[in-house]
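Following: one structure in structure tokens, then a few remarks.
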Amino acid sequence: MWMVSPPSGLFQYLKKLFLTEQAGRAQAVDFLRQNVANSLSMANLVMGLSSILCSLNGLYHYACWLVLVGFLLDLADGAVARQLNACSALGAKLDDFADFTTFGLATALLLQAHGILDGLLAIVYVLAVFTRLCFFSSGVPFMYRGLPCPYGSSVLASTFLLTGGNLVVLRIVAMVMILFMVDQGFYPHDKVLESQAWKKVVFAGGVVVVFFSAFPTASLYYLLWSISYIFFPTALWNYKV
């Protein structure tokens, strides 16, 4: 009886195919690892652009809601990038661009500029966010210089929802947030998702209220969260506390 053995070339081909598939899977996993955080930044950018469209169409309550969702995404993208060791120059630029869109342009439109002075305030707010993002590196580990713009936007969006869009109150709050952003004071890297358990609970609560509760509840929650960071940055939100 003749036994026909498979040609050695077939084994080599199958081995090469198997190794190629393994390499392809490894590359796919590495690609996903490197771009999960970038996807969150892109989602933040989409929230900002959608908020702009809502404001241009007079849907300011939805515009505020989208800004608050962007606030959560901004807290998450940095944490995910650090946990997956996927920090990159591209990710940093994408994060800054998303922040400028959501917490600069989209937030300024909530001020509803109808005149020259109102328009100047909106422009100054955008410039304050731009300055904060571009030039305010503190040089101190785990510290920002000037109020991080997501917290200013959270305060403005929450104030809009709580006051029913009272423009006088909004403009006063915007001026205060501008002063905080261009101030030389230091604010800690809060790193909510990489710190104590209670901070993670605060973040989880933010997710719940923004998606599953009425606007007043969500806005009050985010207002208290942001104000606690602004006025008690080191006592409550220091990464090492």
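Convention: chains lettered A, B, ... in structure tokens order; per-chain residue numbering from 1; ligands numbered from 1 as shown.
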
Show me, as JSON lines, the residues of stretch 108-220 of chain A having an atom within 8 Å of stretch 58-64 of chain A, each with the closest atom pair and its distance in Å, using only C-alpha atoms.
```
{"residue": "A:Leu110", "atom": "CA", "partner": "A:Tyr60", "partner_atom": "CA", "distance": 6.8}
{"residue": "A:Ala157", "atom": "CA", "partner": "A:Cys64", "partner_atom": "CA", "distance": 4.9}
{"residue": "A:Ser158", "atom": "CA", "partner": "A:Cys64", "partner_atom": "CA", "distance": 7.3}
{"residue": "A:Phe160", "atom": "CA", "partner": "A:Cys64", "partner_atom": "CA", "distance": 7.5}
{"residue": "A:Leu161", "atom": "CA", "partner": "A:His61", "partner_atom": "CA", "distance": 6.6}
```

Every residue of stretch 7-233 of chain A that DSSP places in strand (DSSP E or B), as a PyMOL selection string | chain A and resi 143-145+186-188

Expressed in Å to a single decimal, how great is the separation between atom CA of A:Met47 and atom CA of A:Gly70?
-> 5.8 Å

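Each of A:Phe203, A:Leu133, A:Asp96, A:Val210 was checked against A:Leu66 using only C-alpha atoms; the smallest atom-to-atom distance is that of A:Val210.
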
Write out as a tab-separated table the residues of stretch 161-209 of chain A that have any atom within 7 Å of an atom of stretch 74-91 of chain A, one row each with the nearest atom pair and its distance in Å to one decimal, counting only C-alpha atoms, sorted by chain and then rising number.
```
residue	atom	partner	partner_atom	distance
A:Lys191	CA	A:Ala79	CA	6.9
A:Leu193	CA	A:Ala79	CA	6.3
A:Glu194	CA	A:Ala79	CA	6.7
```

Just the alpha helix (DSSP H) stuff from stretch 70-237 of chain A, please, per backbone DSSP, written as number ranges by chain.
-> A: 70-83, 89-99, 107-109, 116-135, 149-163, 167-182, 197-212, 215-231, 233-237

Take atom CA of A:Leu117 and atom CA of A:Thr101 and report the distance between them in Å, one decimal.
-> 22.0 Å

Considering only C-alpha atoms, tabulate each residue of stretch 98-180 of chain A that lies at most 7 Å from stretch 220-239 of chain A along with its nearest interatomic pair and the corresponding distance in Å to one decimal; arrange the rows by chain and ascending residue number and present them as a Markdown table.
```
| residue | atom | partner | partner_atom | distance |
| --- | --- | --- | --- | --- |
| A:Tyr151 | CA | A:Ser226 | CA | 5.5 |
| A:Ser154 | CA | A:Tyr222 | CA | 6.5 |
| A:Val155 | CA | A:Leu223 | CA | 5.4 |
| A:Ser158 | CA | A:Leu223 | CA | 5.6 |
```

Could you dump the residues just selected with N, CA and C atoms as a PDB file, in the first residue's frame?
```pdb
ATOM      1  N   TYR A 151     -14.345  72.615  32.741  1.00  0.00           N
ATOM      2  CA  TYR A 151     -15.104  72.983  33.946  1.00  0.00           C
ATOM      3  C   TYR A 151     -15.840  74.304  33.759  1.00  0.00           C
ATOM      4  N   SER A 154     -18.841  73.400  31.698  1.00  0.00           N
ATOM      5  CA  SER A 154     -19.817  72.687  32.514  1.00  0.00           C
ATOM      6  C   SER A 154     -20.634  73.657  33.370  1.00  0.00           C
ATOM      7  N   VAL A 155     -19.952  74.653  33.947  1.00  0.00           N
ATOM      8  CA  VAL A 155     -20.659  75.655  34.750  1.00  0.00           C
ATOM      9  C   VAL A 155     -21.639  76.449  33.890  1.00  0.00           C
ATOM     10  N   SER A 158     -24.618  74.190  32.711  1.00  0.00           N
ATOM     11  CA  SER A 158     -25.493  73.911  33.851  1.00  0.00           C
ATOM     12  C   SER A 158     -26.294  75.142  34.252  1.00  0.00           C
TER      13      SER A 158
END
```

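Atom CA of A:Thr107 lies 17.7 Å from atom CA of A:Gly146.
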
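Ranking A:Ala174, A:Ser50, A:Ala92, A:Leu167 by their shortest atom-to-atom distance to A:Ala108, with only C-alpha atoms included, puts A:Ala174 first.
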